[in-house]
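Here is query_5.pdb, consisting of PDB, C-alpha atoms and all ligand atoms:
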ATOM      1  CA  MET A   1       1.456  -7.242  14.633  1.00  0.00           C
ATOM      2  CA  LYS A   2       1.221 -10.985  14.632  1.00  0.00           C
ATOM      3  CA  GLN A   3       2.131 -11.876  11.118  1.00  0.00           C
ATOM      4  CA  GLY A   4       5.477 -13.313  10.195  1.00  0.00           C
ATOM      5  CA  THR A   5       5.360 -12.632   6.520  1.00  0.00           C
ATOM      6  CA  THR A   6       3.761  -9.927   4.524  1.00  0.00           C
ATOM      7  CA  ARG A   7       2.657  -9.064   1.070  1.00  0.00           C
ATOM      8  CA  TRP A   8       4.359  -6.291  -0.823  1.00  0.00           C
ATOM      9  CA  ALA A   9       1.156  -4.295  -0.954  1.00  0.00           C
ATOM     10  CA  VAL A  10      -0.015  -4.609   2.563  1.00  0.00           C
ATOM     11  CA  LEU A  11       2.666  -4.748   5.229  1.00  0.00           C
ATOM     12  CA  GLY A  12       0.092  -5.529   7.854  1.00  0.00           C
ATOM     13  CA  LEU A  13      -1.702  -2.261   7.299  1.00  0.00           C
ATOM     14  CA  ALA A  14      -4.702  -4.317   6.302  1.00  0.00           C
ATOM     15  CA  ILE A  15      -5.467  -2.053   3.420  1.00  0.00           C
ATOM     16  CA  SER A  16      -8.410  -3.815   1.959  1.00  0.00           C
ATOM     17  CA  VAL A  17      -8.841  -4.217  -1.713  1.00  0.00           C
ATOM     18  CA  SER A  18     -11.918  -4.494  -3.803  1.00  0.00           C
ATOM     19  CA  ALA A  19     -11.502  -7.747  -5.622  1.00  0.00           C
ATOM     20  CA  THR A  20     -12.890  -7.831  -9.092  1.00  0.00           C
ATOM     21  CA  ALA A  21     -13.229 -11.186 -10.732  1.00  0.00           C
ATOM     22  CA  ALA A  22     -11.970 -10.641 -14.239  1.00  0.00           C
ATOM     23  CA  ALA A  23     -13.375 -13.128 -16.657  1.00  0.00           C
ATOM     24  CA  CYS A  24     -10.822 -15.171 -18.494  1.00  0.00           C
ATOM     25  CA  GLY A  25     -12.080 -16.596 -21.736  1.00  0.00           C
ATOM     26  CA  GLU A  26      -9.286 -18.343 -23.514  1.00  0.00           C
ATOM     27  CA  ASP A  27      -8.274 -21.859 -22.624  1.00  0.00           C
ATOM     28  CA  ARG A  28      -4.787 -21.480 -23.962  1.00  0.00           C
ATOM     29  CA  ALA A  29      -4.275 -18.620 -21.515  1.00  0.00           C
ATOM     30  CA  ALA A  30      -4.967 -21.003 -18.658  1.00  0.00           C
ATOM     31  CA  ALA A  31      -1.365 -21.512 -17.601  1.00  0.00           C
ATOM     32  CA  ALA A  32       0.990 -18.696 -16.761  1.00  0.00           C
ATOM     33  CA  PRO A  33       4.767 -19.236 -16.936  1.00  0.00           C
ATOM     34  CA  ASN A  34       6.066 -20.922 -13.806  1.00  0.00           C
ATOM     35  CA  ALA A  35       8.872 -18.399 -13.482  1.00  0.00           C
ATOM     36  CA  TYR A  36       6.317 -15.592 -13.328  1.00  0.00           C
ATOM     37  CA  CYS A  37       4.177 -17.413 -10.741  1.00  0.00           C
ATOM     38  CA  ASP A  38       7.252 -18.161  -8.628  1.00  0.00           C
ATOM     39  CA  ALA A  39       8.294 -14.504  -8.809  1.00  0.00           C
ATOM     40  CA  SER A  40       4.824 -13.347  -7.824  1.00  0.00           C
ATOM     41  CA  LEU A  41       4.743 -15.753  -4.875  1.00  0.00           C
ATOM     42  CA  ALA A  42       8.204 -14.553  -3.809  1.00  0.00           C
ATOM     43  CA  ILE A  43       7.215 -10.897  -3.655  1.00  0.00           C
ATOM     44  CA  GLU A  44       3.848 -11.673  -2.060  1.00  0.00           C
ATOM     45  CA  THR A  45       5.519 -13.612   0.740  1.00  0.00           C
ATOM     46  CA  ALA A  46       8.652 -11.481   1.116  1.00  0.00           C
ATOM     47  CA  PRO A  47       9.982 -11.236   4.664  1.00  0.00           C
ATOM     48  CA  GLU A  48       8.850  -8.235   6.664  1.00  0.00           C
ATOM     49  CA  PRO A  49      11.072  -5.226   7.355  1.00  0.00           C
ATOM     50  CA  ASP A  50      13.337  -5.746  10.304  1.00  0.00           C
ATOM     51  CA  ILE A  51      11.720  -3.279  12.672  1.00  0.00           C
ATOM     52  CA  ASP A  52       9.493  -3.164  15.731  1.00  0.00           C
ATOM     53  CA  PHE A  53       6.777  -0.789  14.567  1.00  0.00           C
ATOM     54  CA  GLU A  54       5.439  -0.193  18.040  1.00  0.00           C
ATOM     55  CA  ALA A  55       8.813   0.854  19.441  1.00  0.00           C
ATOM     56  CA  ALA A  56      10.245   2.697  16.428  1.00  0.00           C
ATOM     57  CA  SER A  57      10.091   6.455  15.926  1.00  0.00           C
ATOM     58  CA  PRO A  58       8.440   7.774  12.748  1.00  0.00           C
ATOM     59  CA  GLU A  59      11.887   8.525  11.309  1.00  0.00           C
ATOM     60  CA  GLU A  60      13.062   4.985  12.028  1.00  0.00           C
ATOM     61  CA  GLN A  61       9.936   3.598  10.377  1.00  0.00           C
ATOM     62  CA  VAL A  62      10.552   5.635   7.231  1.00  0.00           C
ATOM     63  CA  ALA A  63      14.188   4.529   7.114  1.00  0.00           C
ATOM     64  CA  ALA A  64      13.213   0.874   7.582  1.00  0.00           C
ATOM     65  CA  ALA A  65      10.565   1.097   4.867  1.00  0.00           C
ATOM     66  CA  ARG A  66      13.027   2.631   2.401  1.00  0.00           C
ATOM     67  CA  THR A  67      15.657  -0.007   3.123  1.00  0.00           C
ATOM     68  CA  TRP A  68      13.095  -2.811   2.847  1.00  0.00           C
ATOM     69  CA  ALA A  69      11.768  -1.512  -0.459  1.00  0.00           C
ATOM     70  CA  ALA A  70      15.240  -1.075  -1.937  1.00  0.00           C
ATOM     71  CA  ASP A  71      16.924  -4.223  -0.622  1.00  0.00           C
ATOM     72  CA  THR A  72      14.098  -6.763  -0.395  1.00  0.00           C
ATOM     73  CA  LEU A  73      11.264  -5.716  -2.696  1.00  0.00           C
ATOM     74  CA  ALA A  74      13.117  -4.085  -5.589  1.00  0.00           C
ATOM     75  CA  PRO A  75      15.087  -7.212  -6.650  1.00  0.00           C
ATOM     76  CA  LEU A  76      11.910  -9.321  -6.413  1.00  0.00           C
ATOM     77  CA  ALA A  77       9.982  -6.722  -8.416  1.00  0.00           C
ATOM     78  CA  ALA A  78      12.705  -6.703 -11.085  1.00  0.00           C
ATOM     79  CA  THR A  79      12.406 -10.479 -11.468  1.00  0.00           C
ATOM     80  CA  LEU A  80       8.619 -10.204 -11.657  1.00  0.00           C
ATOM     81  CA  ARG A  81       8.950  -7.555 -14.371  1.00  0.00           C
ATOM     82  CA  LYS A  82      11.306  -9.747 -16.365  1.00  0.00           C
ATOM     83  CA  GLU A  83       9.029 -12.790 -16.201  1.00  0.00           C
ATOM     84  CA  ALA A  84       5.644 -11.066 -16.543  1.00  0.00           C
ATOM     85  CA  PRO A  85       3.399 -12.307 -19.348  1.00  0.00           C
ATOM     86  CA  LYS A  86       2.105  -9.625 -21.718  1.00  0.00           C
ATOM     87  CA  ALA A  87      -1.344  -9.808 -20.158  1.00  0.00           C
ATOM     88  CA  VAL A  88      -0.097  -8.237 -16.916  1.00  0.00           C
ATOM     89  CA  THR A  89       2.862  -6.032 -17.852  1.00  0.00           C
ATOM     90  CA  ASP A  90       0.875  -2.823 -17.232  1.00  0.00           C
ATOM     91  CA  GLU A  91      -0.162  -3.971 -13.751  1.00  0.00           C
ATOM     92  CA  VAL A  92       3.362  -5.128 -12.918  1.00  0.00           C
ATOM     93  CA  ASP A  93       4.716  -1.743 -14.048  1.00  0.00           C
ATOM     94  CA  VAL A  94       2.390   0.015 -11.606  1.00  0.00           C
ATOM     95  CA  GLY A  95       3.639  -2.286  -8.827  1.00  0.00           C
ATOM     96  CA  VAL A  96       7.287  -1.732  -9.726  1.00  0.00           C
ATOM     97  CA  ALA A  97       6.763   2.045  -9.732  1.00  0.00           C
ATOM     98  CA  ALA A  98       5.143   1.780  -6.284  1.00  0.00           C
ATOM     99  CA  VAL A  99       8.180  -0.094  -4.964  1.00  0.00           C
ATOM    100  CA  GLU A 100      10.502   2.560  -6.421  1.00  0.00           C
ATOM    101  CA  GLU A 101       8.444   5.311  -4.827  1.00  0.00           C
ATOM    102  CA  LEU A 102       8.501   3.509  -1.489  1.00  0.00           C
ATOM    103  CA  ALA A 103      12.281   3.185  -1.717  1.00  0.00           C
ATOM    104  CA  ALA A 104      12.456   6.959  -2.252  1.00  0.00           C
ATOM    105  CA  THR A 105       9.903   8.133   0.320  1.00  0.00           C
ATOM    106  CA  GLY A 106       9.388   5.333   2.850  1.00  0.00           C
ATOM    107  CA  ASP A 107       5.720   6.317   2.990  1.00  0.00           C
ATOM    108  CA  PHE A 108       3.690   3.099   2.796  1.00  0.00           C
ATOM    109  CA  GLU A 109       0.307   4.536   3.408  1.00  0.00           C
ATOM    110  CA  THR A 110       0.524   7.124   0.646  1.00  0.00           C
ATOM    111  CA  VAL A 111       2.013   4.761  -1.912  1.00  0.00           C
ATOM    112  CA  PHE A 112      -0.157   1.708  -1.334  1.00  0.00           C
ATOM    113  CA  ALA A 113      -3.410   3.521  -0.608  1.00  0.00           C
ATOM    114  CA  ARG A 114      -3.498   4.906  -4.157  1.00  0.00           C
ATOM    115  CA  PRO A 115      -6.511   3.494  -5.995  1.00  0.00           C
ATOM    116  CA  GLU A 116      -4.499   2.716  -9.133  1.00  0.00           C
ATOM    117  CA  VAL A 117      -1.907   0.801  -7.110  1.00  0.00           C
ATOM    118  CA  GLN A 118      -4.567  -1.160  -5.225  1.00  0.00           C
ATOM    119  CA  GLN A 119      -6.374  -1.909  -8.470  1.00  0.00           C
ATOM    120  CA  ALA A 120      -3.215  -3.114 -10.215  1.00  0.00           C
ATOM    121  CA  LEU A 121      -2.292  -5.400  -7.322  1.00  0.00           C
ATOM    122  CA  THR A 122      -5.854  -6.708  -7.101  1.00  0.00           C
ATOM    123  CA  ASP A 123      -5.838  -7.453 -10.823  1.00  0.00           C
ATOM    124  CA  LEU A 124      -2.481  -9.216 -10.522  1.00  0.00           C
ATOM    125  CA  HIS A 125      -3.799 -11.408  -7.727  1.00  0.00           C
ATOM    126  CA  THR A 126      -6.908 -12.243  -9.761  1.00  0.00           C
ATOM    127  CA  TYR A 127      -4.677 -13.182 -12.690  1.00  0.00           C
ATOM    128  CA  ASP A 128      -2.452 -15.314 -10.458  1.00  0.00           C
ATOM    129  CA  LEU A 129      -5.423 -17.202  -9.019  1.00  0.00           C
ATOM    130  CA  GLU A 130      -6.643 -18.003 -12.499  1.00  0.00           C
ATOM    131  CA  HIS A 131      -3.309 -18.915 -14.078  1.00  0.00           C
ATOM    132  CA  CYS A 132      -0.839 -20.141 -11.470  1.00  0.00           C
ATOM    133  CA  GLY A 133      -2.594 -23.296 -10.297  1.00  0.00           C
ATOM    134  CA  TRP A 134      -2.781 -22.088  -6.697  1.00  0.00           C
ATOM    135  CA  THR A 135      -5.463 -23.384  -4.365  1.00  0.00           C
ATOM    136  CA  ARG A 136      -8.156 -20.870  -3.520  1.00  0.00           C
ATOM    137  CA  VAL A 137      -9.978 -21.146  -0.196  1.00  0.00           C
ATOM    138  CA  ASP A 138     -12.859 -18.737   0.384  1.00  0.00           C
ATOM    139  CA  VAL A 139     -13.322 -17.902   4.053  1.00  0.00           C
ATOM    140  CA  THR A 140     -16.085 -15.726   5.453  1.00  0.00           C
ATOM    141  CA  ALA A 141     -15.391 -14.068   8.811  1.00  0.00           C
ATOM    142  CA  LYS A 142     -18.440 -13.549  11.013  1.00  0.00           C
ATOM    143  CA  ASP A 143     -18.841 -12.483  14.640  1.00  0.00           C
ATOM    144  CA  PHE A 144     -17.203 -14.787  15.792  1.00  0.00           C
ATOM    145  CA  THR A 145     -16.373 -17.620  13.470  1.00  0.00           C
ATOM    146  CA  PHE A 146     -14.619 -18.521  10.229  1.00  0.00           C
ATOM    147  CA  GLU A 147     -17.013 -20.063   7.728  1.00  0.00           C
ATOM    148  CA  GLY A 148     -15.914 -22.109   4.748  1.00  0.00           C
ATOM    149  CA  ALA A 149     -12.519 -23.161   6.080  1.00  0.00           C
ATOM    150  CA  PRO A 150     -11.836 -26.823   5.319  1.00  0.00           C
ATOM    151  CA  SER A 151     -10.459 -29.325   7.814  1.00  0.00           C
ATOM    152  CA  THR A 152      -7.835 -30.663   5.382  1.00  0.00           C
ATOM    153  CA  LEU A 153      -5.888 -29.150   2.479  1.00  0.00           C
ATOM    154  CA  GLN A 154      -3.270 -30.388   0.052  1.00  0.00           C
ATOM    155  CA  ALA A 155       0.233 -28.972   0.469  1.00  0.00           C
ATOM    156  CA  GLY A 156       1.127 -26.175  -1.921  1.00  0.00           C
ATOM    157  CA  VAL A 157       0.485 -22.524  -2.620  1.00  0.00           C
ATOM    158  CA  THR A 158      -2.832 -21.527  -1.094  1.00  0.00           C
ATOM    159  CA  SER A 159      -4.704 -18.237  -1.040  1.00  0.00           C
ATOM    160  CA  PHE A 160      -7.208 -17.728   1.760  1.00  0.00           C
ATOM    161  CA  GLU A 161      -9.689 -15.225   0.364  1.00  0.00           C
ATOM    162  CA  LEU A 162     -11.158 -13.432   3.357  1.00  0.00           C
ATOM    163  CA  ARG A 163     -14.524 -11.704   3.281  1.00  0.00           C
ATOM    164  CA  ASN A 164     -15.720  -9.928   6.380  1.00  0.00           C
ATOM    165  CA  ALA A 165     -19.464 -10.411   6.792  1.00  0.00           C
ATOM    166  CA  GLY A 166     -19.440  -9.385  10.457  1.00  0.00           C
ATOM    167  CA  GLN A 167     -20.148  -6.193  12.356  1.00  0.00           C
ATOM    168  CA  GLU A 168     -16.572  -6.081  13.709  1.00  0.00           C
ATOM    169  CA  ASN A 169     -13.129  -5.951  12.097  1.00  0.00           C
ATOM    170  CA  HIS A 170     -11.531  -9.339  11.590  1.00  0.00           C
ATOM    171  CA  GLU A 171      -8.158 -10.747  10.668  1.00  0.00           C
ATOM    172  CA  LEU A 172      -7.110 -14.133   9.416  1.00  0.00           C
ATOM    173  CA  VAL A 173      -3.737 -15.259  10.695  1.00  0.00           C
ATOM    174  CA  VAL A 174      -2.514 -18.577   9.310  1.00  0.00           C
ATOM    175  CA  LEU A 175      -0.327 -20.355  11.859  1.00  0.00           C
ATOM    176  CA  ARG A 176       1.638 -23.583  11.527  1.00  0.00           C
ATOM    177  CA  ARG A 177       2.273 -25.656  14.647  1.00  0.00           C
ATOM    178  CA  ASN A 178       5.925 -26.630  14.908  1.00  0.00           C
ATOM    179  CA  ASP A 179       6.722 -30.285  14.320  1.00  0.00           C
ATOM    180  CA  GLY A 180       6.771 -32.252  17.578  1.00  0.00           C
ATOM    181  CA  VAL A 181       4.372 -29.920  19.400  1.00  0.00           C
ATOM    182  CA  THR A 182       1.307 -31.763  20.692  1.00  0.00           C
ATOM    183  CA  GLU A 183      -0.850 -29.033  22.257  1.00  0.00           C
ATOM    184  CA  SER A 184      -3.942 -27.876  20.406  1.00  0.00           C
ATOM    185  CA  PHE A 185      -3.982 -24.293  19.181  1.00  0.00           C
ATOM    186  CA  THR A 186      -6.497 -23.417  21.871  1.00  0.00           C
ATOM    187  CA  GLU A 187      -3.975 -24.672  24.436  1.00  0.00           C
ATOM    188  CA  LEU A 188      -1.135 -22.809  22.719  1.00  0.00           C
ATOM    189  CA  PHE A 189      -3.068 -19.533  22.710  1.00  0.00           C
ATOM    190  CA  ALA A 190      -3.580 -19.849  26.446  1.00  0.00           C
ATOM    191  CA  LEU A 191       0.203 -19.674  26.932  1.00  0.00           C
ATOM    192  CA  PRO A 192       2.152 -16.417  27.257  1.00  0.00           C
ATOM    193  CA  GLU A 193       2.714 -15.075  23.719  1.00  0.00           C
ATOM    194  CA  GLU A 194       6.471 -15.630  23.729  1.00  0.00           C
ATOM    195  CA  GLU A 195       6.088 -19.239  24.731  1.00  0.00           C
ATOM    196  CA  ALA A 196       3.317 -19.864  22.220  1.00  0.00           C
ATOM    197  CA  MET A 197       5.405 -18.361  19.424  1.00  0.00           C
ATOM    198  CA  GLN A 198       8.133 -20.919  20.122  1.00  0.00           C
ATOM    199  CA  LYS A 199       5.616 -23.650  19.339  1.00  0.00           C
ATOM    200  CA  ALA A 200       3.833 -22.220  16.328  1.00  0.00           C
ATOM    201  CA  GLU A 201       4.723 -19.831  13.547  1.00  0.00           C
ATOM    202  CA  PRO A 202       2.576 -17.339  11.643  1.00  0.00           C
ATOM    203  CA  VAL A 203       2.874 -17.978   7.912  1.00  0.00           C
ATOM    204  CA  ALA A 204       0.365 -15.563   6.382  1.00  0.00           C
ATOM    205  CA  PHE A 205      -1.966 -12.735   7.305  1.00  0.00           C
ATOM    206  CA  ALA A 206      -5.070 -11.002   5.997  1.00  0.00           C
ATOM    207  CA  GLY A 207      -7.171  -8.292   7.617  1.00  0.00           C
ATOM    208  CA  ALA A 208     -10.569  -6.914   6.699  1.00  0.00           C
ATOM    209  CA  ASN A 209     -12.443  -4.201   8.522  1.00  0.00           C
ATOM    210  CA  ALA A 210     -16.166  -4.342   9.167  1.00  0.00           C
ATOM    211  CA  GLY A 211     -18.303  -3.715   6.114  1.00  0.00           C
ATOM    212  CA  GLU A 212     -17.755  -6.632   3.739  1.00  0.00           C
ATOM    213  CA  GLU A 213     -14.183  -5.738   3.014  1.00  0.00           C
ATOM    214  CA  LEU A 214     -11.903  -8.235   1.291  1.00  0.00           C
ATOM    215  CA  ASP A 215      -8.310  -9.318   1.709  1.00  0.00           C
ATOM    216  CA  TYR A 216      -6.279 -12.471   1.216  1.00  0.00           C
ATOM    217  CA  ALA A 217      -3.515 -14.428   2.896  1.00  0.00           C
ATOM    218  CA  LEU A 218      -1.103 -16.276   0.618  1.00  0.00           C
ATOM    219  CA  ALA A 219       1.334 -18.997   1.680  1.00  0.00           C
ATOM    220  CA  ASP A 220       3.097 -22.051   0.308  1.00  0.00           C
ATOM    221  CA  LEU A 221       1.791 -24.603   2.811  1.00  0.00           C
ATOM    222  CA  ALA A 222       4.010 -27.511   3.847  1.00  0.00           C
ATOM    223  CA  PRO A 223       2.379 -30.584   5.408  1.00  0.00           C
ATOM    224  CA  GLY A 224       1.528 -30.069   9.064  1.00  0.00           C
ATOM    225  CA  THR A 225      -1.071 -28.867  11.527  1.00  0.00           C
ATOM    226  CA  TYR A 226      -2.363 -25.334  11.067  1.00  0.00           C
ATOM    227  CA  ALA A 227      -4.932 -22.919  12.383  1.00  0.00           C
ATOM    228  CA  LEU A 228      -6.711 -19.817  11.217  1.00  0.00           C
ATOM    229  CA  ALA A 229      -7.089 -17.380  14.083  1.00  0.00           C
ATOM    230  CA  CYS A 230      -8.299 -13.846  14.742  1.00  0.00           C
ATOM    231  CA  PHE A 231      -6.539 -12.019  17.581  1.00  0.00           C
ATOM    232  CA  LEU A 232      -8.430  -8.726  17.401  1.00  0.00           C
ATOM    233  CA  PRO A 233     -10.155  -7.651  20.611  1.00  0.00           C
ATOM    234  CA  GLN A 234     -13.932  -7.672  20.719  1.00  0.00           C
ATOM    235  CA  GLY A 235     -15.334  -4.235  19.960  1.00  0.00           C
ATOM    236  CA  SER A 236     -12.863  -3.383  17.168  1.00  0.00           C
ATOM    237  CA  ILE A 237     -14.784  -1.543  14.469  1.00  0.00           C
ATOM    238  CA  GLY A 238     -13.130   0.605  11.810  1.00  0.00           C
ATOM    239  CA  ASP A 239     -10.431   2.741  13.428  1.00  0.00           C
ATOM    240  CA  HIS A 240     -11.694   1.968  16.916  1.00  0.00           C
ATOM    241  CA  ASP A 241      -9.722  -0.662  18.861  1.00  0.00           C
ATOM    242  CA  GLY A 242     -11.939  -2.775  21.053  1.00  0.00           C
ATOM    243  CA  GLU A 243     -11.177  -3.661  24.640  1.00  0.00           C
ATOM    244  CA  GLY A 244     -12.961  -6.998  24.859  1.00  0.00           C
ATOM    245  CA  PRO A 245     -11.479 -10.485  24.791  1.00  0.00           C
ATOM    246  CA  PRO A 246      -9.632 -11.554  21.640  1.00  0.00           C
ATOM    247  CA  HIS A 247     -11.867 -13.053  18.981  1.00  0.00           C
ATOM    248  CA  PHE A 248     -10.193 -16.471  19.083  1.00  0.00           C
ATOM    249  CA  THR A 249     -11.540 -16.931  22.596  1.00  0.00           C
ATOM    250  CA  LEU A 250     -15.026 -16.320  21.196  1.00  0.00           C
ATOM    251  CA  GLY A 251     -14.740 -18.944  18.472  1.00  0.00           C
ATOM    252  CA  MET A 252     -12.427 -17.534  15.804  1.00  0.00           C
ATOM    253  CA  VAL A 253      -9.892 -20.331  15.751  1.00  0.00           C
ATOM    254  CA  HIS A 254     -10.044 -23.088  13.168  1.00  0.00           C
ATOM    255  CA  GLU A 255      -7.576 -25.960  13.180  1.00  0.00           C
ATOM    256  CA  PHE A 256      -6.810 -27.831   9.956  1.00  0.00           C
ATOM    257  CA  THR A 257      -4.383 -30.363   8.522  1.00  0.00           C
ATOM    258  CA  VAL A 258      -2.215 -29.984   5.440  1.00  0.00           C
ATOM    259  CA  ARG A 259      -1.149 -33.248   3.814  1.00  0.00           C
TER     260      ARG A 259
HETATM  261 CU    CU B   1     -12.150 -11.432  14.426  1.00  0.00          CU
END

Please, can you express the file's structure as structure tokens?
Amino acid sequence: MKQGTTRWAVLGLAISVSATAAACGEDRAAAAPNAYCDASLAIETAPEPDIDFEAASPEEQVAAARTWAADTLAPLAATLRKEAPKAVTDEVDVGVAAVEELAATGDFETVFARPEVQQALTDLHTYDLEHCGWTRVDVTAKDFTFEGAPSTLQAGVTSFELRNAGQENHELVVLRRNDGVTESFTELFALPEEEAMQKAEPVAFAGANAGEELDYALADLAPGTYALACFLPQGSIGDHDGEGPPHFTLGMVHEFTVR
């Protein structure tokens, strides 16, 4: 897992969602309350559970998930519930119930794979994009490039909407180069991982398997130098992990500036 932050619905499992663009007719509904948008951003970018998933036993993973849901997500979900506009209270309730269930069971995949949970969270994200004033950047992943990614962006909350139009699985990791570092991302990625991660930090993650699946990566971008990168090995399709070189070496790295 490369990502440093995670969304409450995803936890790096790259569960893809089917985004539906709900039409929004009324002008006076154009702005959502700031407190709601802040609460939604907070839960979307909540810190990950403190656990090494590759080293942990299944029991340790369940315990970590329960603790994370109860201690990190539940307070954020309570704030979101309090601030939610009427238009989204039903969807927020579904999300809050999912957090409560996760705190009880620790079973991410069951809780967040439910169609009604995915739909509610997708609808919430659609609402947020339309009402919170966040920047939307549509990025199409192909084998092996990111299309549509700009070379400069304004600082602020930004959602990278990933669509996979390739034959392989792809991810979109948003990385920020630490201030004072001068190497390009291509140079950084050539370093041993530990060394590279002292010079750049992942700030958001999205993953979409082959087959036109959708996901998004949300972050509040500070000014700096960033990249989008895909670290999946060539040959990764569906549940099959490829054994080829990582996609960024084939062209899936895109540097950009945030001002
Ligand atoms: Cu890729």

Worksheet item: Taking the file as shown, what set of residues would the PyMOL selection byres (((not hetatm)) within 10 of (chain B and resi 1)) give back, as a PyMOL selection string?
Response: chain A and resi 141-146+164+166-173+207-210+229-236+246-253

Item to complete: Would you write out, as number ranges by chain, every residue that the PyMOL selection byres (((chain A and resi 162) around 7) and not hetatm) captures in this file?
Response: A: 138-141, 160-161, 163-164, 214-216

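Atom pair atom CA of Pro58 of chain A / atom CA of Ala70 of chain A has a distance of 18.4 Å (rounded to one decimal).
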
Item to complete: Determine the residue membership of the PyMOL selection byres (((chain A and resi 108) around 10) and not hetatm) for the file above and supply it as a list of chain:residue names.
Response: A:Ala9, A:Val10, A:Leu11, A:Leu13, A:Gln61, A:Val62, A:Ala65, A:Arg66, A:Ala69, A:Ala98, A:Val99, A:Glu101, A:Leu102, A:Ala103, A:Thr105, A:Gly106, A:Asp107, A:Glu109, A:Thr110, A:Val111, A:Phe112, A:Ala113

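Coordinates place atom CA of Leu188 of chain A at a distance of 15.7 Å from atom CA of Gly224 of chain A.
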